[in-house]
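Visitor: This is the content of structure_9.txt (compact mmCIF, C-alpha atoms):
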```txt
# COMPACT_ATOMS: atom_id res chain seq x y z
CA MET M 1392 101.54 92.13 169.49
CA ARG M 1393 98.91 92.99 166.88
CA GLN M 1394 96.03 90.50 166.68
CA LEU M 1395 95.60 89.18 163.16
CA THR M 1396 92.17 89.61 161.62
CA PRO M 1397 90.55 87.06 159.27
CA ILE M 1398 91.48 89.34 156.37
CA ASP M 1399 95.12 89.37 157.52
CA LYS M 1400 95.14 85.58 157.64
CA CYS M 1401 93.58 85.31 154.17
CA LEU M 1402 96.18 87.70 152.75
CA GLY M 1403 98.92 85.65 154.38
CA VAL M 1404 97.55 82.47 152.83
CA ALA M 1405 97.36 84.15 149.40
CA ASP M 1406 100.91 85.48 149.72
CA ASN M 1407 102.25 82.05 150.60
CA ALA M 1408 100.39 80.43 147.71
CA LEU M 1409 101.82 82.93 145.21
CA ARG M 1410 105.36 82.53 146.55
CA THR M 1411 105.07 78.74 146.51
CA LEU M 1412 103.74 78.57 142.96
CA PHE M 1413 105.68 81.37 141.30
CA GLY M 1414 108.92 81.76 143.27
CA GLY M 1415 110.15 84.17 145.91
CA TYR M 1416 110.41 81.44 148.55
CA GLN M 1417 111.12 82.67 152.07
CA VAL M 1418 114.05 80.37 152.73
CA THR M 1419 116.23 79.90 155.79
CA SER M 1420 119.98 80.53 155.90
CA ARG M 1421 120.81 76.89 155.11
CA LYS M 1422 123.14 76.19 152.23
CA ASN M 1423 122.00 74.23 149.20
CA PRO M 1424 123.41 70.70 149.74
CA SER M 1425 124.41 70.41 146.09
CA GLN M 1426 126.95 73.21 146.59
CA LYS M 1427 129.06 70.81 148.65
CA ILE M 1428 129.44 68.69 145.54
CA GLU M 1429 130.59 71.70 143.53
CA GLU M 1430 133.15 72.65 146.18
CA SER M 1431 134.62 69.17 146.54
CA GLU M 1432 134.21 67.97 142.97
CA PRO M 1433 133.50 70.43 140.12
CA ASP M 1434 130.44 69.32 138.15
CA ARG M 1435 131.93 68.20 134.83
CA THR M 1436 129.51 65.31 134.42
CA ASN M 1437 128.08 64.86 130.96
CA PHE M 1438 124.56 63.46 131.03
CA ASP M 1439 123.14 61.81 127.99
CA SER M 1440 119.64 62.94 127.03
CA GLN M 1441 117.94 59.98 128.71
CA GLN M 1442 119.78 60.47 132.02
CA LYS M 1443 119.05 64.18 132.01
CA ARG M 1444 115.37 63.59 131.31
CA ARG M 1445 115.23 61.00 134.10
CA SER M 1446 116.83 63.31 136.66
CA ALA M 1447 114.62 66.22 135.66
CA GLY M 1448 111.45 64.14 135.90
CA LEU M 1449 112.30 62.92 139.39
CA MET M 1450 113.29 66.38 140.63
CA ARG M 1451 110.06 67.79 139.18
CA ILE M 1452 108.14 65.24 141.25
CA ASN M 1453 110.13 66.23 144.33
CA HIS M 1454 109.44 69.92 143.73
CA CYS M 1455 105.71 69.27 143.35
CA GLY M 1456 105.81 67.15 146.51
CA GLU M 1457 107.20 70.15 148.37
CA VAL M 1458 104.47 72.36 146.88
CA CYS M 1459 101.94 69.90 148.29
CA ALA M 1460 103.70 69.85 151.67
CA GLN M 1461 103.72 73.64 151.82
CA ALA M 1462 100.01 73.78 151.03
CA LEU M 1463 99.25 71.01 153.54
CA TYR M 1464 101.04 72.80 156.37
CA GLN M 1465 99.44 76.14 155.55
CA GLY M 1466 95.98 74.60 155.50
CA GLN M 1467 96.59 72.88 158.81
CA ALA M 1468 98.03 76.00 160.42
CA LEU M 1469 94.92 77.92 159.37
CA THR M 1470 92.54 75.55 161.17
CA ALA M 1471 94.73 74.21 164.01
CA LYS M 1472 93.13 74.57 167.43
CA LEU M 1473 96.17 74.92 169.71
CA PRO M 1474 98.69 77.77 169.21
CA GLU M 1475 101.67 75.43 169.72
CA VAL M 1476 100.39 73.10 167.00
CA ARG M 1477 99.91 76.06 164.67
CA GLU M 1478 103.49 77.15 165.35
CA LYS M 1479 104.82 73.67 164.55
CA MET M 1480 102.96 73.68 161.23
CA GLU M 1481 104.29 77.12 160.34
CA GLN M 1482 107.86 76.17 161.27
CA ALA M 1483 107.68 73.02 159.16
CA ALA M 1484 106.33 75.07 156.24
CA ALA M 1485 109.28 77.47 156.54
CA GLU M 1486 111.75 74.57 156.36
CA GLU M 1487 109.95 73.11 153.33
CA ASN M 1488 110.67 76.36 151.47
CA ASP M 1489 114.35 75.40 151.43
CA HIS M 1490 113.41 72.19 149.64
CA LEU M 1491 111.36 74.12 147.09
CA GLN M 1492 114.31 76.38 146.28
CA TRP M 1493 116.81 73.52 146.08
CA CYS M 1494 114.61 71.51 143.72
CA ALA M 1495 113.87 74.54 141.55
CA ASP M 1496 117.58 75.36 141.32
CA ARG M 1497 118.43 71.80 140.31
CA LEU M 1498 115.72 71.77 137.64
CA LYS M 1499 117.23 74.91 136.11
CA GLU M 1500 120.66 73.28 136.09
CA LEU M 1501 119.11 70.34 134.25
CA ASP M 1502 117.58 72.77 131.70
CA SER M 1503 114.10 71.81 132.83
CA ARG M 1504 111.12 73.36 134.63
CA THR M 1505 108.67 72.87 137.46
CA SER M 1506 105.30 71.19 136.87
CA PHE M 1507 102.43 72.99 135.14
CA LEU M 1508 100.13 71.08 137.50
CA ASN M 1509 101.48 72.73 140.68
CA PRO M 1510 98.45 75.06 141.17
CA LEU M 1511 96.08 72.08 141.04
CA TRP M 1512 98.09 70.08 143.58
CA TYR M 1513 98.53 73.12 145.84
CA ALA M 1514 94.77 73.70 145.97
CA SER M 1515 94.06 70.02 146.64
CA SER M 1516 96.65 69.74 149.40
CA PHE M 1517 95.60 72.99 151.07
CA SER M 1518 92.02 71.76 151.23
CA ILE M 1519 93.10 68.42 152.70
CA GLY M 1520 95.27 70.19 155.28
CA ALA M 1521 92.46 72.51 156.32
CA ILE M 1522 90.05 69.60 156.71
CA ALA M 1523 92.61 67.64 158.73
CA GLY M 1524 93.02 70.66 161.02
CA LEU M 1525 89.27 70.90 161.53
CA LEU M 1526 89.12 67.24 162.58
CA GLY M 1527 91.39 68.00 165.54
CA ASP M 1528 95.05 68.57 166.25
CA LYS M 1529 95.91 64.93 166.99
CA TRP M 1530 94.56 63.86 163.58
CA SER M 1531 96.20 66.82 161.87
CA LEU M 1532 99.56 65.89 163.38
CA GLY M 1533 98.99 62.24 162.56
CA PHE M 1534 98.33 63.21 158.96
CA VAL M 1535 101.64 65.11 158.89
CA ALA M 1536 103.54 62.13 160.30
CA GLU M 1537 102.07 59.69 157.78
CA THR M 1538 102.62 62.12 154.90
CA GLU M 1539 106.25 62.57 155.83
CA HIS M 1540 106.83 58.83 156.20
CA GLN M 1541 105.41 58.28 152.72
CA VAL M 1542 107.56 61.12 151.35
CA VAL M 1543 110.67 59.54 152.86
CA ARG M 1544 109.89 56.28 151.05
CA HIS M 1545 109.45 58.16 147.77
CA LEU M 1546 112.72 60.02 148.27
CA GLN M 1547 114.57 56.78 148.92
CA SER M 1548 113.15 55.30 145.73
CA HIS M 1549 114.34 58.38 143.82
CA LEU M 1550 117.83 57.99 145.25
CA ASP M 1551 117.81 54.45 143.86
CA GLU M 1552 116.46 55.54 140.46
CA LEU M 1553 118.64 58.59 139.79
CA PRO M 1554 121.60 58.15 137.44
CA ASP M 1555 124.70 57.18 139.43
CA ASN M 1556 126.58 60.26 138.24
CA ASP M 1557 123.91 62.76 139.34
CA LYS M 1558 125.55 63.47 142.69
CA LYS M 1559 124.06 66.96 143.01
CA SER M 1560 120.45 65.77 142.86
CA LYS M 1561 121.27 62.99 145.31
CA ALA M 1562 122.80 65.47 147.78
CA VAL M 1563 119.60 67.54 147.73
CA ILE M 1564 117.36 64.51 148.19
CA GLU M 1565 119.47 63.13 151.06
CA GLN M 1566 119.03 66.37 153.02
CA MET M 1567 115.32 66.51 152.20
CA LYS M 1568 114.93 62.95 153.45
CA GLU M 1569 116.60 63.83 156.74
CA ASP M 1570 114.36 66.87 157.22
CA GLU M 1571 111.17 64.93 156.44
CA LEU M 1572 112.06 62.28 159.00
CA HIS M 1573 112.54 65.02 161.58
CA HIS M 1574 109.14 66.55 160.75
CA ALA M 1575 107.48 63.16 161.17
CA THR M 1576 109.16 62.63 164.54
CA VAL M 1577 108.13 66.08 165.76
CA ALA M 1578 104.51 65.46 164.72
CA ILE M 1579 104.37 62.13 166.57
CA GLU M 1580 105.99 63.54 169.70
CA ALA M 1581 103.48 66.41 169.66
CA GLY M 1582 100.63 63.89 169.93
CA GLY M 1583 99.91 62.79 166.38
CA ALA M 1584 97.48 59.87 166.15
CA GLU M 1585 97.94 56.76 164.01
CA LEU M 1586 95.77 57.09 160.92
CA PRO M 1587 93.34 54.31 159.92
CA ALA M 1588 94.63 51.94 157.23
CA PRO M 1589 92.05 53.04 154.57
CA VAL M 1590 93.22 56.65 154.94
CA LYS M 1591 96.85 55.62 154.46
CA LEU M 1592 95.92 53.66 151.34
CA ALA M 1593 94.00 56.63 149.94
CA MET M 1594 97.02 58.87 150.54
CA ARG M 1595 99.28 56.42 148.69
CA GLY M 1596 96.85 56.30 145.79
CA MET M 1597 96.77 60.08 145.54
CA ALA M 1598 100.57 60.21 145.65
CA LYS M 1599 100.78 57.76 142.75
CA VAL M 1600 98.51 59.93 140.63
CA MET M 1601 100.65 62.97 141.41
CA THR M 1602 103.98 61.33 140.65
CA LYS M 1603 102.86 59.77 137.35
CA SER M 1604 101.33 63.00 136.05
CA VAL M 1605 103.99 65.45 137.26
CA TYR M 1606 106.91 63.41 135.89
CA TRP M 1607 105.90 64.50 132.38
CA VAL M 1608 103.76 67.61 132.94
```
Once more with this new file: its structure as structure tokens, please.
Guide:
Amino acid sequence: MRQLTPIDKCLGVADNALRTLFGGYQVTSRKNPSQKIEESEPDRTNFDSQQKRRSAGLMRINHCGEVCAQALYQGQALTAKLPEVREKMEQAAAEENDHLQWCADRLKELDSRTSFLNPLWYASSFSIGAIAGLLGDKWSLGFVAETEHQVVRHLQSHLDELPDNDKKSKAVIEQMKEDELHHATVAIEAGGAELPAPVKLAMRGMAKVMTKSVYWV
């Protein structure tokens, strides 16, 4: 197998960033969960303007959250010490691409768009992921576990806040929630350390800034 050079790795990082921010996601063969709703119950729901705006805002947050997750995993994979940890980060990033595509598809169906702030949040999350990787694999994995646990809480709140008749968005979020829980479990089982309370609080604060800004922009 060909040994990757630093230039190869940089090109790979650049390729992933462009795909994450501008489309062309390298997805798996999994089916979009919202298609199950279409098959069992044709989508004839009429949303009023307020409901549609609410659903679009929440799905835009979820899409940006997946952009951040993708950047986080790529940054960690770049600086991870152990090959098996690097592989786990890359596998998780591949699965997050499905979430990106599902959220983007739903936003189009809602006649909306992804966030203009995605490049900013990608750069921030990639930097955080790379730093976490440099601190050591146990802290990097611990950061993944805590991130995913916080994401799961956000997703549950979105399920509660979405209009009752937006079954397609809820189907997507339910599957995302299941995947994020799995990623957190894998990170802990691989040796992820419990993060200090101040770090967890800082992560929650950053997440609040992201969600409030991306909902509108």
Visitor: Considering all atoms listed in the file, tabulate each residue of range 1397-1423 of chain M that lies at most 12 Å from range 1481-1491 of chain M along with its nearest interatomic pair and the corresponding distance in Å to one decimal; arrange the rows by chain and ascending residue number and present them as CSV.
Guide:
```
residue,atom,partner,partner_atom,distance
M:Gly1403,CA,M:Glu1481,CA,11.7
M:Val1404,CA,M:Glu1481,CA,11.4
M:Asn1407,CA,M:Ala1484,CA,9.9
M:Ala1408,CA,M:Asn1488,CA,11.7
M:Arg1410,CA,M:Asn1488,CA,9.5
M:Thr1411,CA,M:Leu1491,CA,7.8
M:Leu1412,CA,M:Leu1491,CA,9.7
M:Phe1413,CA,M:Leu1491,CA,10.9
M:Gly1414,CA,M:Leu1491,CA,8.9
M:Gly1415,CA,M:Asn1488,CA,9.6
M:Tyr1416,CA,M:Asn1488,CA,5.9
M:Gln1417,CA,M:Asn1488,CA,6.4
M:Val1418,CA,M:Asp1489,CA,5.1
M:Thr1419,CA,M:Asp1489,CA,6.5
M:Ser1420,CA,M:Asp1489,CA,8.8
M:Arg1421,CA,M:Asp1489,CA,7.6
M:Lys1422,CA,M:Asp1489,CA,8.9
M:Asn1423,CA,M:Asp1489,CA,8.1
```
Visitor: For the contact check between range 1397-1450 of chain M and range 1541-1561 of chain M, emit one row per residue of range 1397-1450 of chain M within 7 Å, containing the shortest atom pair and the distance in Å rounded to one decimal, counting only C-alpha atoms, chain then rising number order, as JSON lines.
Guide:
```
{"residue": "M:Ser1425", "atom": "CA", "partner": "M:Lys1559", "partner_atom": "CA", "distance": 4.6}
{"residue": "M:Ile1428", "atom": "CA", "partner": "M:Lys1559", "partner_atom": "CA", "distance": 6.2}
{"residue": "M:Thr1436", "atom": "CA", "partner": "M:Asn1556", "partner_atom": "CA", "distance": 7.0}
{"residue": "M:Gln1442", "atom": "CA", "partner": "M:Pro1554", "partner_atom": "CA", "distance": 6.2}
{"residue": "M:Ser1446", "atom": "CA", "partner": "M:Leu1553", "partner_atom": "CA", "distance": 5.9}
{"residue": "M:Leu1449", "atom": "CA", "partner": "M:His1549", "partner_atom": "CA", "distance": 6.7}
```
Visitor: For Ala1584 in chain M, list every protein, DNA or RNA residue within 9 Å, evaluated using all atoms listed in the file, and leave out those in the same chain fewer than 3 positions away; present the list as a ChimeraX atom specification.
Guide: /M:1529-1534,1536,1579
Visitor: Which residues, written as a list in words, have at least one atom at most 6 Å from range 1570-1575 of chain M, with only C-alpha atoms counted and residues fewer than 2 positions away on the same chain left out?
Guide: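 Counting only C-alpha atoms, the residues come to Ala1536, Glu1539, Met1567, Lys1568, Val1577 and Ala1578 of chain M.
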Visitor: Residues as selected, C-alpha atoms, written as a short mmCIF file (atom, residue, chain, number, x, y, z; two decimals), keeping the file's coordinate frame, can you do that?
Guide:
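Generated output (selection.cif):
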```
data_model
loop_
_atom_site.label_atom_id
_atom_site.label_comp_id
_atom_site.auth_asym_id
_atom_site.auth_seq_id
_atom_site.Cartn_x
_atom_site.Cartn_y
_atom_site.Cartn_z
CA ALA M 1536 103.54 62.13 160.30
CA GLU M 1539 106.25 62.57 155.83
CA MET M 1567 115.32 66.51 152.20
CA LYS M 1568 114.93 62.95 153.45
CA VAL M 1577 108.13 66.08 165.76
CA ALA M 1578 104.51 65.46 164.72
#
```
Visitor: Identify which of the residues M:Asp1528, M:Asp1502, M:Glu1569, M:Glu1585 lies closest to Pro1474 in chain M, counting all atoms listed in the file when measuring atom-to-atom distances.
Guide: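 Closest to Pro1474 in chain M of all the choices is M:Asp1528.
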Visitor: So how many Å separate CA of Arg1504 in chain M and CA of Arg1595 in chain M, to one decimal?
Guide: 25.0 Å
Visitor: Skip Ala1523 in chain M itself and residues of its chain fewer than 4 positions away, then list as a ChimeraX atom specification all residues within 12 Å of it, counting only C-alpha atoms.
Guide: /M:1463-1472,1516-1519,1527-1535,1583-1584,1586,1590
Visitor: Using only C-alpha atoms for the distances, tell me which of M:Leu1508, M:Ile1522, M:Val1600, M:Ala1495 is nearest to Ala1447 in chain M.
Guide: M:Ala1495
Visitor: Could you give me, as a PyMOL selection string, the residues within 6 Å of range 1450-1456 of chain M, counting all atoms listed in the file and dropping anything in the same chain fewer than 5 positions from it?
Guide: chain M and resi 1491+1494+1505+1602+1605-1606
Visitor: Here is a test: counting all atoms listed in the file, which residue of M:Phe1438, M:Phe1507, M:Trp1512, M:Trp1607 is nearest to Glu1457 in chain M?
Guide: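 That would be M:Trp1512, the residue with the smallest distance to Glu1457 in chain M.
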Visitor: Centre and edge lengths, as AutoDock Vina command-line options, for the axis-aligned box enclosing every listed atom of range 1571-1587 of chain M with 6 Å of padding on each of the six sides, in Å to one decimal?
Guide:
```
--center_x 102.9 --center_y 60.4 --center_z 163.2 --size_x 31.2 --size_y 24.2 --size_z 25.5
```
Visitor: Looking at all atoms listed in the file, which of M:Ala1581, M:Cys1401, M:Leu1501, M:Leu1409 is the one that sits closest to Gln1441 in chain M?
Guide: M:Leu1501
Visitor: As an exercise, work out the distance from CA of Gln1566 in chain M to CA of Val1458 in chain M in Å and give it to one decimal place.
Guide: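 The value is 16.9 Å.
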Visitor: Can you work out the spacing between CA of Trp1493 in chain M and CA of Pro1424 in chain M in Å, to one decimal?
Guide: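 Computing it gives 8.1 Å between the two atoms.
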Visitor: Of the candidates M:Leu1525, M:Thr1576, M:Gln1461, M:Thr1538, which one gets nearest to Ala1598 in chain M if we count all atoms listed in the file?
Guide: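 Counting all atoms listed in the file, the residue closest to Ala1598 in chain M is M:Thr1538.
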